[in-house]
Every structure is written in C-alpha cells, then in structure tokens.
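Listing of run-v8.csv; format and content: CSV, C-alpha atoms and all ligand atoms.
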chain,number,residue,atom,x,y,z
A,1,LYS,CA,-43.6,54.8,-17.7
A,2,ARG,CA,-43.3,53.6,-14.1
A,3,ILE,CA,-41.0,50.5,-13.7
A,4,VAL,CA,-40.8,48.2,-10.7
A,5,ILE,CA,-37.8,45.8,-10.6
A,6,LEU,CA,-37.7,42.5,-8.7
A,7,VAL,CA,-34.3,41.1,-7.7
A,8,SER,CA,-32.7,38.4,-5.5
A,9,GLY,CA,-29.0,39.0,-5.9
A,10,ASN,CA,-26.3,41.2,-7.3
A,11,GLY,CA,-28.5,43.6,-9.3
A,12,SER,CA,-26.2,44.4,-12.2
A,13,ASN,CA,-29.1,44.1,-14.7
A,14,ALA,CA,-31.2,46.3,-12.3
A,15,ARG,CA,-28.4,48.8,-12.3
A,16,ALA,CA,-28.2,48.8,-16.1
A,17,ILE,CA,-31.9,49.6,-16.3
A,18,ILE,CA,-31.7,52.3,-13.6
A,19,ASP,CA,-28.8,53.9,-15.4
A,20,SER,CA,-30.6,53.8,-18.7
A,21,CYS,CA,-33.6,55.6,-17.2
A,22,MET,CA,-31.2,58.2,-15.8
A,23,THR,CA,-29.7,58.9,-19.2
A,24,GLN,CA,-33.2,58.6,-20.8
A,25,ALA,CA,-32.2,55.7,-23.0
A,26,ILE,CA,-35.3,54.2,-21.3
A,27,ASN,CA,-38.4,56.3,-21.5
A,28,GLY,CA,-39.4,55.6,-18.0
A,29,SER,CA,-38.3,55.6,-14.4
A,30,VAL,CA,-37.6,52.9,-11.8
A,31,VAL,CA,-40.1,53.7,-9.0
A,32,LYS,CA,-39.2,50.8,-6.7
A,33,LEU,CA,-36.9,47.9,-6.4
A,34,ILE,CA,-38.1,44.8,-4.4
A,35,SER,CA,-35.8,42.0,-3.3
A,36,ASN,CA,-36.9,38.7,-1.7
A,37,VAL,CA,-33.4,38.4,-0.1
A,38,GLN,CA,-32.3,40.9,2.6
A,39,SER,CA,-28.6,40.5,1.9
A,40,ALA,CA,-29.0,41.1,-1.8
A,41,HIS,CA,-26.3,43.6,-3.1
A,42,ALA,CA,-29.1,45.0,-5.3
A,43,LEU,CA,-30.6,46.7,-2.2
A,44,GLU,CA,-27.4,48.7,-1.5
A,45,MET,CA,-27.1,49.6,-5.1
A,46,ALA,CA,-30.7,50.9,-5.1
A,47,ALA,CA,-30.0,53.0,-2.0
A,48,GLN,CA,-26.9,54.5,-3.6
A,49,ALA,CA,-29.0,55.3,-6.7
A,50,ASN,CA,-31.7,56.9,-4.6
A,51,ILE,CA,-34.3,54.3,-5.8
A,52,PRO,CA,-36.9,53.4,-3.1
A,53,SER,CA,-36.4,49.7,-2.2
A,54,THR,CA,-37.8,47.1,0.1
A,55,CYS,CA,-37.3,43.5,1.0
A,56,ILE,CA,-40.1,40.9,1.1
A,57,ASP,CA,-38.5,37.8,2.5
A,58,HIS,CA,-40.2,34.7,1.1
A,59,LYS,CA,-38.9,32.7,4.1
A,60,THR,CA,-41.3,34.5,6.3
A,61,PHE,CA,-44.4,33.2,4.4
A,62,HIS,CA,-46.0,29.8,4.8
A,63,ASP,CA,-46.6,29.2,1.1
A,64,ARG,CA,-46.0,30.6,-2.4
A,65,ASP,CA,-49.5,32.1,-2.7
A,66,SER,CA,-49.2,34.2,0.5
A,67,PHE,CA,-45.8,35.5,-0.6
A,68,ASP,CA,-47.1,36.3,-4.0
A,69,ILE,CA,-50.0,38.2,-2.5
A,70,ALA,CA,-47.7,40.3,-0.3
A,71,LEU,CA,-45.4,40.9,-3.3
A,72,SER,CA,-48.2,41.9,-5.5
A,73,GLN,CA,-49.5,44.4,-2.9
A,74,GLU,CA,-46.0,45.9,-2.6
A,75,ILE,CA,-45.8,46.2,-6.4
A,76,ASP,CA,-49.3,47.7,-6.8
A,77,SER,CA,-48.6,50.4,-4.2
A,78,ALA,CA,-45.9,51.7,-6.6
A,79,LYS,CA,-48.5,51.8,-9.4
A,80,PRO,CA,-46.1,50.5,-12.1
A,81,ASP,CA,-46.8,50.1,-15.8
A,82,ILE,CA,-44.1,47.5,-16.2
A,83,ILE,CA,-42.6,44.9,-13.9
A,84,VAL,CA,-39.0,43.7,-14.6
A,85,LEU,CA,-37.5,40.5,-13.2
A,86,ALA,CA,-33.8,41.0,-13.0
A,87,GLY,CA,-32.2,37.9,-11.4
A,88,PHE,CA,-35.3,37.3,-9.4
A,89,MET,CA,-35.0,33.7,-8.2
A,90,ARG,CA,-38.5,32.8,-7.2
A,91,ILE,CA,-41.1,31.0,-9.3
A,92,LEU,CA,-44.2,33.1,-9.4
A,93,SER,CA,-47.7,31.6,-9.2
A,94,ASP,CA,-50.0,31.5,-12.2
A,95,ALA,CA,-52.3,34.0,-10.6
A,96,PHE,CA,-49.5,36.4,-10.2
A,97,VAL,CA,-48.3,36.0,-13.7
A,98,ALA,CA,-51.9,36.3,-15.1
A,99,LYS,CA,-52.4,39.6,-13.2
A,100,TYR,CA,-49.4,41.3,-14.9
A,101,LEU,CA,-49.5,39.4,-18.2
A,102,GLY,CA,-48.0,41.5,-21.0
A,103,ARG,CA,-46.4,43.9,-18.5
A,104,LEU,CA,-43.9,41.4,-17.0
A,105,LEU,CA,-40.4,40.8,-18.5
A,106,ASN,CA,-37.6,38.4,-17.5
A,107,ILE,CA,-34.0,37.8,-18.6
A,108,HIS,CA,-32.7,34.3,-18.7
A,109,PRO,CA,-29.1,33.4,-19.2
A,110,SER,CA,-29.4,31.0,-22.1
A,111,LEU,CA,-30.4,30.9,-25.7
A,112,LEU,CA,-34.0,29.8,-25.0
A,113,PRO,CA,-35.6,27.4,-25.6
A,114,LYS,CA,-32.3,25.8,-24.6
A,115,TYR,CA,-31.6,25.4,-20.9
A,116,THR,CA,-34.6,26.6,-19.0
A,117,GLY,CA,-34.1,26.5,-15.2
A,118,LEU,CA,-30.8,26.7,-13.3
A,119,ARG,CA,-27.0,26.2,-14.0
A,120,THR,CA,-27.3,27.3,-17.6
A,121,HIS,CA,-23.6,28.3,-18.0
A,122,GLN,CA,-22.4,25.0,-16.6
A,123,ARG,CA,-24.8,23.0,-18.9
A,124,ALA,CA,-23.5,24.9,-22.0
A,125,ILE,CA,-19.9,24.1,-21.0
A,126,ASP,CA,-20.7,20.5,-20.2
A,127,ASN,CA,-22.4,20.1,-23.6
A,128,GLU,CA,-19.4,21.7,-25.4
A,129,ASP,CA,-21.7,24.3,-27.0
A,130,SER,CA,-19.8,26.6,-29.2
A,131,GLU,CA,-22.2,29.4,-28.5
A,132,HIS,CA,-24.3,30.5,-25.5
A,133,GLY,CA,-26.2,33.7,-24.6
A,134,THR,CA,-29.1,35.3,-23.0
A,135,SER,CA,-32.8,35.9,-23.8
A,136,VAL,CA,-35.3,38.6,-22.8
A,137,HIS,CA,-38.8,37.2,-22.8
A,138,PHE,CA,-42.3,38.0,-21.7
A,139,VAL,CA,-43.3,36.0,-18.6
A,140,THR,CA,-46.1,33.5,-19.0
A,141,PRO,CA,-47.0,30.7,-16.5
A,142,GLU,CA,-44.6,28.3,-18.2
A,143,LEU,CA,-41.2,28.6,-16.4
A,144,ASP,CA,-38.7,30.4,-18.7
A,145,GLY,CA,-41.2,29.5,-21.5
A,146,GLY,CA,-42.7,32.8,-22.4
A,147,PRO,CA,-42.1,34.2,-25.9
A,148,VAL,CA,-38.6,35.6,-26.5
A,149,VAL,CA,-38.3,39.2,-27.5
A,150,LEU,CA,-34.5,39.5,-28.0
A,151,GLN,CA,-31.5,37.3,-27.6
A,152,ALA,CA,-27.7,38.0,-27.6
A,153,LYS,CA,-25.1,35.3,-28.4
A,154,VAL,CA,-21.6,34.9,-27.0
A,155,PRO,CA,-18.9,32.4,-28.0
A,156,VAL,CA,-17.9,29.7,-25.6
A,157,PHE,CA,-14.2,29.2,-25.5
A,158,GLU,CA,-12.5,25.9,-24.8
A,159,ASN,CA,-11.1,26.7,-21.4
A,160,ASP,CA,-14.0,28.8,-20.2
A,161,THR,CA,-15.0,28.5,-16.5
A,162,VAL,CA,-18.6,29.2,-15.5
A,163,ASP,CA,-17.5,32.6,-14.2
A,164,ASP,CA,-15.8,33.5,-17.6
A,165,LEU,CA,-18.9,32.6,-19.4
A,166,ALA,CA,-21.3,34.2,-17.0
A,167,SER,CA,-19.4,37.5,-17.2
A,168,ARG,CA,-19.3,37.4,-21.0
A,169,VAL,CA,-23.1,36.8,-20.9
A,170,LEU,CA,-23.7,39.6,-18.4
A,171,VAL,CA,-22.0,42.2,-20.7
A,172,GLN,CA,-24.7,41.4,-23.3
A,173,GLU,CA,-27.5,41.3,-20.8
A,174,HIS,CA,-26.7,44.9,-19.8
A,175,LYS,CA,-27.1,45.9,-23.4
A,176,ILE,CA,-30.2,44.0,-24.4
A,177,TYR,CA,-32.4,44.3,-21.3
A,178,PRO,CA,-32.6,48.1,-21.2
A,179,LEU,CA,-33.3,48.0,-24.9
A,180,VAL,CA,-36.3,45.7,-24.5
A,181,VAL,CA,-37.6,47.5,-21.4
A,182,ASN,CA,-37.6,50.7,-23.5
A,183,TRP,CA,-39.5,49.0,-26.2
A,184,LEU,CA,-42.1,48.0,-23.7
A,185,CYS,CA,-42.2,51.5,-22.3
A,186,ASN,CA,-42.8,52.9,-25.8
A,187,GLY,CA,-45.5,50.3,-26.6
A,188,ARG,CA,-43.4,48.7,-29.4
A,189,ILE,CA,-43.6,45.2,-28.1
A,190,ALA,CA,-46.7,43.4,-26.9
A,191,LEU,CA,-47.8,39.9,-25.8
A,192,ASN,CA,-50.8,38.4,-27.5
A,193,ASN,CA,-52.0,34.8,-27.3
A,194,LYS,CA,-48.7,33.7,-25.9
A,195,LYS,CA,-46.8,35.3,-28.8
A,196,ALA,CA,-44.6,38.3,-28.8
A,197,PHE,CA,-45.1,41.2,-31.3
A,198,PHE,CA,-42.8,44.0,-32.3
A,199,ASP,CA,-44.5,47.0,-34.1
A,200,GLY,CA,-47.4,44.7,-34.7
A,201,GLN,CA,-45.3,41.9,-36.3
A,202,GLU,CA,-45.1,38.5,-34.7
A,203,LEU,CA,-41.6,37.8,-33.5
B,1,LIG,C1,-28.5,37.2,-14.9
B,1,LIG,O1,-27.5,36.4,-15.5
B,1,LIG,C2,-29.9,36.9,-15.3
B,1,LIG,O2,-29.9,36.4,-16.6
B,1,LIG,C3,-30.3,35.8,-14.4
B,1,LIG,O3,-29.7,36.1,-13.2
B,1,LIG,C4,-28.6,36.9,-13.4
B,1,LIG,C5,-28.8,38.1,-12.6
B,1,LIG,O4,-27.6,38.9,-12.5
B,1,LIG,N1,-31.7,35.7,-14.4
B,1,LIG,P1,-27.7,40.3,-11.8
B,1,LIG,O5,-28.3,40.2,-10.4
B,1,LIG,O6,-28.6,41.2,-12.6
B,1,LIG,O7,-26.3,40.8,-11.7
In structure tokens, write the structure found in this file.
Amino acid sequence: KRIVILVSGNGSNARAIIDSCMTQAINGSVVKLISNVQSAHALEMAAQANIPSTCIDHKTFHDRDSFDIALSQEIDSAKPDIIVLAGFMRILSDAFVAKYLGRLLNIHPSLLPKYTGLRTHQRAIDNEDSEHGTSVHFVTPELDGGPVVLQAKVPVFENDTVDDLASRVLVQEHKIYPLVVNWLCNGRIALNNKKAFFDGQEL
C-alpha cells in the first residue's frame, strides 16, 4: 500500500513508520511526507531516508479551506491508499476528513477519551494521574474524537516532568503506530458508522 505522512515537527513517529516499511514490518511504503512547517526536523529526516517530501506552509493561505485544498492536491498527486497524521498540528476541515474517511489515522498522546487537544502530558501530571499513554484512532470530524484502534499505557511517576512523561509515551507510540498502520495496509481494521472494527469485530 501507498502511505502519505503528514507532520509538523520532529517526525519521530514518521521515522518509526518509514523504518517499519523498510524492514517490511509494514506491508507498504511511504511515498511522500508533507509538512506544514518548513523548519520541521521531519523534513530533514525524510531527505536522509530518501523519502520524497514537501512543505505546504499554512501561513501562506488565507483560510483553512484553501490550505486544505492545496494539501489535498499534494496528497492526491501521490495516489496514497492511507494517510497518516504523525504530529500534524493543524485541524483539518470536515470536507477534508470526509474525503479520506476510513483511510486517515492519527496518534494522540493521551488515553482517549481523556485529554483531547493540547498539553496532554501537563494535564496528566496536574491531575496526578497514575497512568497516561497514547491512542491511535481513525480520524473523524470530531477533534481527537474518532474511534480508538489501539492504546498503550505508561506509568506516571511522582517527580515526572513533562519531558520525562513525553519521552516515555513516545517509546510506546513508536511501537503501536507502525502496528496499526500495518493493520490498515492489510485491511484488518476498518471504520464503519463512526466505529472501528478489527477483523470484522467492533472494537
Ligand atoms: C506525538 O506525541 C504524537 O502523539 C503527537 O505529537 C507528537 C509527535 O511527535 N500527535 P513526533 O513528531 O512524531 O516525534
């Protein structure tokens, strides 16, 4: 299967997915990486890995819809089967999400439905949660609200800083995201009526 990855920052999840394609742990290949931030480290990483990449800077567009249209054109030119959001920090329009429904995955650093939105690690610490984690979900128009496919939990320790917790979560993200992407490549997971299915069973 053909995979396009959308990023805004560091790209460690994108890297984990690219590596898993190289080792054939994912039954697919990353045909393009698109960043909305020119300075994103993910663009350098893609260049090093010989993955075609491009930047579509949202700041050069007047509104969300025109950005989404340009983004969508760039995606479509790569003819992907699957679109993977990996630290992509823009909210996508309903029309965009509808177009790729069932083919669009995101990873969110919390145990959804807890902590949608930003600053998830800080909020877990502030609330003195004993566990935290990450969720891979299908993207639907509800922000961070699409059905979860797989989660990984990590402990929260008493003196954890945001960085401590974020790095503990990232280790898990790099394991579960490639796994779920491979499931989608192999047709094992699907989105139907806003619900996620694994081998035909509702999750
Ligand atoms: C990850 O923690 C992911 O859950 C969130 O943004 C972060 C991206 O990290 N959506 P990276 O760019 O993949 O290193």
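In this structure, CA of Leu184 in chain A sits 10.6 Å away from CA of Phe197 in chain A.
Distance check against ligand LIG 1 (chain B) using only C-alpha atoms and all ligand atoms: of A:Leu105, A:Ala152, A:Cys55, A:Ala86, the minimum falls on A:Ala86.
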Protein and nucleic residues near ligand LIG 1 (chain B), 7 Å, all atoms listed in the file, as a list in words: Val7, Ser8, Gly9, Asn10, Gly11, Ser12, Asn13, Ala14, Ala86, Gly87, Phe88, Ile107, His108, Pro109, Thr134, Ala166, Val169, Leu170 and Glu173 of chain A
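Nearest residue to Asn127 in chain A, choosing from A:Val30, A:Val37, A:Trp183, A:Tyr115 and counting only C-alpha atoms: A:Tyr115.
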What gap, in Å, lies between CA of Asn36 in chain A and CA of Leu111 in chain A?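 Computing the Euclidean distance for CA of Asn36 in chain A and CA of Leu111 in chain A yields 26.1 Å.
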